[in-house]
Amino acid sequence: MEMIKDIKSIPVFRPLIGLVIGILAYKWITFPFQWLILIIIASFIFLSSILIFRLAFKPGLSWIVGFVVHVFFICTGMSIMCRFYASNKPIPEDLKEFRVGVVLTEPVVKNKFARFEMSIFLDSIAEEYIKAQVLMQVKNSFVIPQAGQLIVLKTKPEKIQAPMNPGEFDYAAYLENMGILYRCFVKDGEWKTLAHPKKLTLKFLTLKMKNQLWEKIENLEGGNRNLGVLYAISLGSKDLLTSEIRESYIVTGTMHVLVVSGQHIALIWMVLSYIFYWVKELRWGKFIQFFLIIGLIWFYAMMTGMTASVVRASAMFTLVSLGKIIQKETSIYNSLCVSAFILLLISPQWLADPGFQLSYIAVLSIVFFQPKILFLWTPPSWLLQKIWEITSVSIAAQIGTLPLTLFYFNRFPPWFILSNILVIPLVTIIMILFITMLIFLMIPLVFSIILKVILFLIGVMNASLMFIEGLPSPMMDNIYITNFQMFCFVGTLLGIIFFMRYKKNNFLILGLISLLFFISDGNLRKYHSLQQREIVLFSIPGKMIIGLFEGSKGVFIHNSTDPIDFEESISFKCRPYIIRKGIDKIEFYCIYDSLEHDPGFTRIPGNQNFIFKFGCKSVAILNDPEFFCRHAVFNTLRNRNSYS
């Protein structure tokens, strides 16, 4: 009864569940769009009739209304997914070489290439277009397209291919969830601006303001190595982070601070509340203050790219602020459900986005676990109290997000408590200073001084995390769990949560059964990995990488002469397979150094031709296959002459 009471206290929960089921079911169940609309209309008429005419069902038939409600929202979820994928139009085969389109995002220049998203018109009718990712070769970063510009480029969109290697990250599916099916490669100079936007939309206006703000910052502190972190923390893009800094934040479990989320929005809301405090004294002041603060928060959300986490946080603060205005106490769980429901109605593809999932689960976990963890200890001083509060939040968030963290990123940060104790206060100060800096945008001296202080604090934060990264810790960065294990892990957590909430042993038993399945599946997979014997030829353009795997041992044979380039290839293309197979002892051999290392190679005639044995198989590596072709023809002719 208590569980039913909790569900009824969150009115949007059941519609949200129906919507989520519909979004997920679309991939396995195909219904014509017209049928879905008919079912939705019929369900709506049925439910409206019950409300209007106040029809009552007998207790034994009351389930019919609930069933129709779920059908309505399940079909709604399937229909919005149907419309979303219908917008991903295939390109015609006779597509011309020169294409016209609009730049949608601000280009990011990296390794002499500018990357941005673009709407490419399929015909003279601007309503028909495809969304594509463009990689443009650039020699001068000052001469690149800008967001909102209408440009013509010489290119032919190519379908983004699914990964060719086992376990490799499916980048094509990731882009498809964003509505991007094609990629264009453009050489330097093979594009031209046709027109600037005649009427700036709010989206392009925010992007323009973001670009101008960042240009001002770069002009003052160009070359500062801490700019990439500032760009991520303040404006929501990790494109300028170096690989070393990115790895430090990942290893220490603080990558979440580089994503604009609830913490950032809360600080902006707090500062704006102080700035516009006087507005409350006016007539209708509470409503004016609400629209000012929420309007600026959503403007900032658009500047940061409207990512899932920032939209979730903005929607949450909008609902909470609205509840205070109308003097109605809102449940945090109901606010979360309402925001998720609205966001999925607008962008159903976000359900598959790891950022969206982690954002909501982290908040739910903090709301449920943090008060209970905080209750475990009462610190004797104010400073210890604040440290304990930060620690309890970090532990609570980590408990809820752990299954998804292991599933998506294959690692657990052992020093996350220490890292967050240092980072969260620093990020809070940095964000307050950043907002203050924006207020003094028109006073260059004050703006510059605050910017220097921010970059100094970021430098301290980076140095601290690099130090923590170097601390001795167990190897916890090659953890792999299957889909089944992830669901078992979630089942275990839910069993514990329901047991803590309702004090019923059945939930604890279900949690323990899920844990048993989790451990059993892991042991079974470990047993199979010890019996494995495989040869894998990895698909990497311009390189030959062969993996020989036996039990937990692996040997990679390659032809790369650039160690850095080879390490990047292994990291992105081969590492997921290594983790999935539980391989922990790896050796690398370059065929050009085969005589020095002698991994069992045997040279055969020709230029860099080899043969080696693995188990009962013999494998030939032919860098000079023409040698065998020539000799095969010669031997055939010689045999024929001998016969005659």
# chains A, B, ... in the order shown; residues from 1 in each chain; ligands from 1

$ select_by_dssp --residues "range 138-185 of chain A" --states "helix (DSSP H, G or I)" --output "list in words"
Tyr171, Ala172, Ala173, Tyr174, Leu175 and Glu176 of chain A

$ write_last_selection --atoms "N, CA and C atoms" --output "CSV table (one decimal), in the first residue's frame"
chain,number,residue,atom,x,y,z
A,171,TYR,N,30.1,4.9,-33.2
A,171,TYR,CA,30.0,6.3,-33.4
A,171,TYR,C,28.8,6.6,-34.3
A,172,ALA,N,28.6,5.7,-35.3
A,172,ALA,CA,27.5,5.9,-36.2
A,172,ALA,C,26.1,6.0,-35.5
A,173,ALA,N,25.9,5.0,-34.6
A,173,ALA,CA,24.7,5.0,-33.8
A,173,ALA,C,24.6,6.2,-32.9
A,174,TYR,N,25.7,6.7,-32.4
A,174,TYR,CA,25.7,7.9,-31.5
A,174,TYR,C,25.2,9.1,-32.3
A,175,LEU,N,25.8,9.3,-33.6
A,175,LEU,CA,25.4,10.4,-34.4
A,175,LEU,C,24.0,10.3,-34.9
A,176,GLU,N,23.5,9.0,-35.1
A,176,GLU,CA,22.2,8.8,-35.6
A,176,GLU,C,21.2,9.3,-34.5

$ residues_around --residues "Phe549 in chain A" --least-positions-apart "5" --cutoff "7 Å" --atoms "only C-alpha atoms" --output "PDB file with C-alpha atoms, in the first residue's frame"
ATOM      1  CA  ARG A 533      42.009 -18.872 -28.773  1.00  0.00           C
ATOM      2  CA  GLU A 534      41.396 -16.319 -31.510  1.00  0.00           C
ATOM      3  CA  ILE A 535      43.055 -14.469 -34.356  1.00  0.00           C
ATOM      4  CA  GLY A 554      47.507 -11.341 -26.217  1.00  0.00           C
ATOM      5  CA  VAL A 555      50.067 -10.574 -28.911  1.00  0.00           C
TER       6      VAL A 555
END

$ residues_around --residues "Asn334 in chain A" --least-positions-apart "4" --cutoff "10 Å" --atoms "only C-alpha atoms" --output "ChimeraX atom specification"
/A:7,9-13,316,319,330,338-340

$ residues_around --residues "Lys159 in chain A" --least-positions-apart "5" --cutoff "7 Å" --atoms "only C-alpha atoms" --output "list in words"
Leu181, Tyr182 and Arg183 of chain A

$ residues_around --residues "Val138 in chain A" --least-positions-apart "4" --cutoff "8 Å" --atoms "only C-alpha atoms" --output "VMD selection string"
chain A and resid 112 to 114 143 to 144 187 to 189

$ write_last_selection --atoms "C-alpha atoms" --output "compact mmCIF listing (two decimals), in the first residue's frame"
# COMPACT_ATOMS: atom_id res chain seq x y z
CA LYS A 112 44.00 21.44 -39.26
CA PHE A 113 40.37 20.36 -39.63
CA ALA A 114 37.23 22.30 -38.75
CA VAL A 143 38.79 31.84 -42.62
CA ILE A 144 36.19 29.24 -41.66
CA LYS A 187 39.20 20.31 -49.00
CA ASP A 188 40.64 23.70 -48.20
CA GLY A 189 39.19 26.39 -50.46

$ residues_around --residues "range 459-467 of chain A" --least-positions-apart "5" --cutoff "12 Å" --atoms "only C-alpha atoms" --output "PyMOL selection string"
chain A and resi 224-230+241-242+244-255+257-258+413+415-430+452-454+472

$ closest_residue --among "A:Leu292, A:Leu402, A:Arg411, A:Val259" --to "Lys280 in chain A" --atoms "only C-alpha atoms"
A:Leu292

$ atom_distance --atom1 "CA of Gln385 in chain A" --atom2 "CA of Gln370 in chain A"
13.6 Å

$ residues_around --residues "Ala132 in chain A" --least-positions-apart "2" --cutoff "9 Å" --atoms "only C-alpha atoms" --output "PyMOL selection string"
chain A and resi 116-120+130+134+157+179-184

$ closest_residue --among "A:Leu455, A:Gln161, A:His558, A:Arg580" --to "His528 in chain A" --atoms "only C-alpha atoms"
A:Arg580
